[in-house]
Amino acid sequence: MRNLIDPWGVSCEIENYERLFTDFGISPFAEILPKIEDPHLYMRRGIIFGHRGYDVVLSAMNKKEDFAVISGFMPSGKVHIGNKMVMDEIIWHQRKGAAAFSCIADIESHSVRGIPYDRCKRIGVGEYILSLLALGFDLDRGFLYFQSENRRVQDLAIEAGTEVSLSEMSAIYGFSSDVKIAHMFSVLVQIADIMQPQHTDFGGPKPTVVPVGADQDPHIRLTRDVAARMRIFSIEKRTIEGRHYISVRLKKPEKDALDELASRLPYETRKYERHIDFDFEAGDGDIKEIERIVREVEIERGGYGFFLPSSTYHKFMRGLTGGKMSSSNPQSVIALTEPPEEAARKVKKALTGGRVTAEEQRKYGGEPAKCAVYELLMTHLIEDDAYMREIYEECKTGRKICRSCKELAAELMLKFLKTHQEERENAKERLREYDFGRKWLSYVV
Ligand code: TRP
Ligand code: SF4
């Protein structure tokens, strides 16, 4: 089972998304979709198909409380339309009020792929950061960094490392005995990336969402486990013989912490050696207040008080030539930095769900579910749902021919890339004003 999801696999194809619900405990996104105001098209169209604990983020978002979004990019090759999905998701949450974080995972690239740091920096800025800004990431309300330049993240990685054993890592990632230690450490760094938005330097604990492709789920699960282990207290609701009560357990050797907590809680508590209990019949509103008080005591004692990080998962796009999309096969993917005319040519050559002859196409209709061109239109090029549905219907009923579809997609892609590349130029100006912006820009000239 563990080999089904491999974050460093060559193939990031997942054949059976249903299994992620049944075997891995990912929740269907469709369940919470109705609670989201103006959902992103990835959400509306089921491209984001799953989540863990997104309800917590959604509740903060809808109540205008603090929350954060964080995701990262491994700088290995050119930034492409698959990366654009994560960027769009970060930016969407930022516009919904999230404190937005994004990192260039150069420690991971260096440790796992052996890419020299100077190359990571060049690619990080010249490919990823400029595209992220061009797509709309707001530097005034966001935090961008390289893992290798962020001492806070590195320190958090070591703290996370005090809670993870070798056998646990091997069980999760299928590491064999020749795995390099730096590769394992890069997992801790990613955990730290995800925890950083909850650091006291950024205002402390808050719901945090990590938008990623489904291949990253092992990291998310591990981070959720480690975040819970790093807490000083754990809170549990219990019922015995119809009586409801709450039990707060002390998980770290913190002297007097339970007494301190008991004195702050507006409840009559029963004290035991490692936990305190109190009767509790009220609704959810109050449990949030209890959690807040518990976190407050934790922070005062130098603890973290982490919320379990949440995640959303999107499906991977298929490659233009069929098969998987991979930057090692340039024909299969569109880079955000390639000449727009070149990209348009690739779109025109892409695999469709069309039939062999025009006659068959009219008779049986096309197969949008197998069509890379349809997928491009749906994921990146057409915002209007009604228009998208029309294309689907026309294809299915054989009224549309692939050539017209490809021409439409090629033209929209050409336009998109032209604008995007102009925006990348403008982004340099904004980057110059950012903390490390000048230094980063010097990597690309
Ligand atoms: N491992 C991720 C990838 O390969 C990159 C990454 C680094 C990341 N830190 C992160 C993703 C934090 C999400 C959150 O794409
Ligand atoms: Fe794909 Fe369009 Fe052909 Fe249908 S008509 S198979 S959507 S290219």
# chains A, B, ... in the order shown; residues from 1 in each chain; ligands from 1
>>> residues_near_ligand(ligand="ligand 1", cutoff="6 Å", atoms="only C-alpha atoms and all ligand atoms", output="list of chain:residue names")
A:Ile70, A:Ser71, A:Gly72, A:Phe73, A:Met74, A:Ala105, A:Gln190, A:Asp193, A:Ile194, A:Val210
>>> closest_atom_pairs(of="stretch 216-253 of chain A", to="stretch 43-63 of chain A", cutoff="12 Å", atoms="only C-alpha atoms", output="Markdown table")
| residue | atom | partner | partner_atom | distance |
| --- | --- | --- | --- | --- |
| A:Gln216 | CA | A:His51 | CA | 11.8 |
| A:Asp217 | CA | A:Arg52 | CA | 9.3 |
| A:Pro218 | CA | A:Arg52 | CA | 11.8 |
| A:Ile220 | CA | A:Arg52 | CA | 8.6 |
| A:Arg221 | CA | A:Arg52 | CA | 8.9 |
| A:Thr223 | CA | A:Arg52 | CA | 11.8 |
| A:Arg224 | CA | A:Arg52 | CA | 9.7 |
>>> residues_near_ligand(ligand="ligand 2", cutoff="7 Å", atoms="only C-alpha atoms and all ligand atoms", output="PDB file with N, CA, C and O atoms, in the first residue's frame")
ATOM      1  N   THR A 352      -6.033  13.958 -28.316  1.00  0.00           N
ATOM      2  CA  THR A 352      -7.424  14.308 -28.019  1.00  0.00           C
ATOM      3  C   THR A 352      -8.218  13.041 -27.708  1.00  0.00           C
ATOM      4  O   THR A 352      -7.688  11.943 -27.792  1.00  0.00           O
ATOM      5  N   GLY A 353      -9.462  13.259 -27.381  1.00  0.00           N
ATOM      6  CA  GLY A 353     -10.356  12.118 -27.192  1.00  0.00           C
ATOM      7  C   GLY A 353     -11.222  11.908 -28.425  1.00  0.00           C
ATOM      8  O   GLY A 353     -12.325  11.377 -28.335  1.00  0.00           O
ATOM      9  N   GLY A 354     -10.683  12.350 -29.566  1.00  0.00           N
ATOM     10  CA  GLY A 354     -11.441  12.253 -30.808  1.00  0.00           C
ATOM     11  C   GLY A 354     -11.390  10.857 -31.410  1.00  0.00           C
ATOM     12  O   GLY A 354     -10.541  10.044 -31.060  1.00  0.00           O
ATOM     13  N   GLY A 366     -16.992  12.566 -29.291  1.00  0.00           N
ATOM     14  CA  GLY A 366     -15.640  12.446 -28.750  1.00  0.00           C
ATOM     15  C   GLY A 366     -15.663  12.015 -27.290  1.00  0.00           C
ATOM     16  O   GLY A 366     -16.730  11.832 -26.700  1.00  0.00           O
ATOM     17  N   GLU A 367     -14.476  11.851 -26.732  1.00  0.00           N
ATOM     18  CA  GLU A 367     -14.358  11.438 -25.327  1.00  0.00           C
ATOM     19  C   GLU A 367     -13.563  12.476 -24.531  1.00  0.00           C
ATOM     20  O   GLU A 367     -12.348  12.332 -24.365  1.00  0.00           O
ATOM     21  N   PRO A 368     -14.253  13.502 -24.035  1.00  0.00           N
ATOM     22  CA  PRO A 368     -13.543  14.562 -23.302  1.00  0.00           C
ATOM     23  C   PRO A 368     -12.757  14.014 -22.094  1.00  0.00           C
ATOM     24  O   PRO A 368     -11.715  14.561 -21.757  1.00  0.00           O
ATOM     25  N   CYS A 371      -9.280  13.394 -23.094  1.00  0.00           N
ATOM     26  CA  CYS A 371      -8.734  14.391 -24.006  1.00  0.00           C
ATOM     27  C   CYS A 371      -7.854  15.417 -23.285  1.00  0.00           C
ATOM     28  O   CYS A 371      -8.305  16.129 -22.391  1.00  0.00           O
ATOM     29  N   ALA A 372      -6.593  15.494 -23.709  1.00  0.00           N
ATOM     30  CA  ALA A 372      -5.661  16.438 -23.080  1.00  0.00           C
ATOM     31  C   ALA A 372      -6.041  17.885 -23.400  1.00  0.00           C
ATOM     32  O   ALA A 372      -5.802  18.787 -22.596  1.00  0.00           O
ATOM     33  N   VAL A 373      -6.639  18.093 -24.575  1.00  0.00           N
ATOM     34  CA  VAL A 373      -7.037  19.445 -24.957  1.00  0.00           C
ATOM     35  C   VAL A 373      -8.203  19.926 -24.080  1.00  0.00           C
ATOM     36  O   VAL A 373      -8.210  21.050 -23.573  1.00  0.00           O
ATOM     37  N   TYR A 374      -9.151  19.016 -23.881  1.00  0.00           N
ATOM     38  CA  TYR A 374     -10.267  19.342 -22.997  1.00  0.00           C
ATOM     39  C   TYR A 374      -9.758  19.691 -21.599  1.00  0.00           C
ATOM     40  O   TYR A 374     -10.205  20.644 -20.963  1.00  0.00           O
ATOM     41  N   ILE A 391     -19.020  23.102 -24.535  1.00  0.00           N
ATOM     42  CA  ILE A 391     -17.965  22.368 -25.253  1.00  0.00           C
ATOM     43  C   ILE A 391     -18.098  20.872 -24.977  1.00  0.00           C
ATOM     44  O   ILE A 391     -18.009  20.038 -25.885  1.00  0.00           O
ATOM     45  N   TYR A 392     -18.359  20.546 -23.738  1.00  0.00           N
ATOM     46  CA  TYR A 392     -18.515  19.136 -23.357  1.00  0.00           C
ATOM     47  C   TYR A 392     -19.657  18.488 -24.144  1.00  0.00           C
ATOM     48  O   TYR A 392     -19.495  17.435 -24.754  1.00  0.00           O
ATOM     49  N   CYS A 395     -18.933  18.097 -27.823  1.00  0.00           N
ATOM     50  CA  CYS A 395     -17.963  17.028 -28.066  1.00  0.00           C
ATOM     51  C   CYS A 395     -18.659  15.671 -27.965  1.00  0.00           C
ATOM     52  O   CYS A 395     -18.566  14.842 -28.866  1.00  0.00           O
ATOM     53  N   LYS A 396     -19.384  15.497 -26.862  1.00  0.00           N
ATOM     54  CA  LYS A 396     -20.037  14.203 -26.608  1.00  0.00           C
ATOM     55  C   LYS A 396     -21.030  13.815 -27.708  1.00  0.00           C
ATOM     56  O   LYS A 396     -21.213  12.646 -28.018  1.00  0.00           O
ATOM     57  N   LYS A 400     -18.813  18.651 -32.428  1.00  0.00           N
ATOM     58  CA  LYS A 400     -17.569  19.419 -32.431  1.00  0.00           C
ATOM     59  C   LYS A 400     -16.468  18.583 -33.086  1.00  0.00           C
ATOM     60  O   LYS A 400     -16.436  17.374 -32.923  1.00  0.00           O
ATOM     61  N   ILE A 401     -15.612  19.254 -33.808  1.00  0.00           N
ATOM     62  CA  ILE A 401     -14.464  18.507 -34.325  1.00  0.00           C
ATOM     63  C   ILE A 401     -13.204  18.958 -33.587  1.00  0.00           C
ATOM     64  O   ILE A 401     -13.090  20.099 -33.155  1.00  0.00           O
ATOM     65  N   CYS A 402     -12.285  18.034 -33.442  1.00  0.00           N
ATOM     66  CA  CYS A 402     -11.112  18.294 -32.619  1.00  0.00           C
ATOM     67  C   CYS A 402     -10.289  19.481 -33.121  1.00  0.00           C
ATOM     68  O   CYS A 402      -9.691  20.198 -32.341  1.00  0.00           O
ATOM     69  N   ARG A 403     -10.249  19.654 -34.454  1.00  0.00           N
ATOM     70  CA  ARG A 403      -9.415  20.738 -34.962  1.00  0.00           C
ATOM     71  C   ARG A 403      -9.850  22.091 -34.409  1.00  0.00           C
ATOM     72  O   ARG A 403      -9.027  22.896 -33.975  1.00  0.00           O
ATOM     73  N   CYS A 405     -11.385  22.693 -31.669  1.00  0.00           N
ATOM     74  CA  CYS A 405     -11.092  22.695 -30.239  1.00  0.00           C
ATOM     75  C   CYS A 405      -9.621  23.012 -29.985  1.00  0.00           C
ATOM     76  O   CYS A 405      -9.267  23.808 -29.126  1.00  0.00           O
ATOM     77  N   LYS A 406      -8.777  22.361 -30.763  1.00  0.00           N
ATOM     78  CA  LYS A 406      -7.337  22.578 -30.612  1.00  0.00           C
ATOM     79  C   LYS A 406      -6.972  24.006 -30.950  1.00  0.00           C
ATOM     80  O   LYS A 406      -6.127  24.618 -30.293  1.00  0.00           O
TER      81      LYS A 406
END
>>> select_by_dssp(residues="stretch 277-420 of chain A", states="helix (DSSP H, G or I)", output="number ranges by chain")
A: 284-300, 330-332, 340-349, 358-364, 368-370, 372-381, 385-396, 402-420
>>> closest_residue(among="A:Ile299, A:Met388, A:Leu308, A:Ala335", to="A:Gly203", atoms="only C-alpha atoms")
A:Ile299
>>> atom_distance(atom1="atom CA of A:Lys428", atom2="atom CA of A:Ser442")
11.0 Å
>>> closest_residue(among="A:Glu393, A:Glu411, A:Asp256, A:Glu236", to="A:Phe278", atoms="only C-alpha atoms")
A:Glu236
>>> atom_distance(atom1="atom CA of A:Ala257", atom2="atom CA of A:Pro197")
25.2 Å
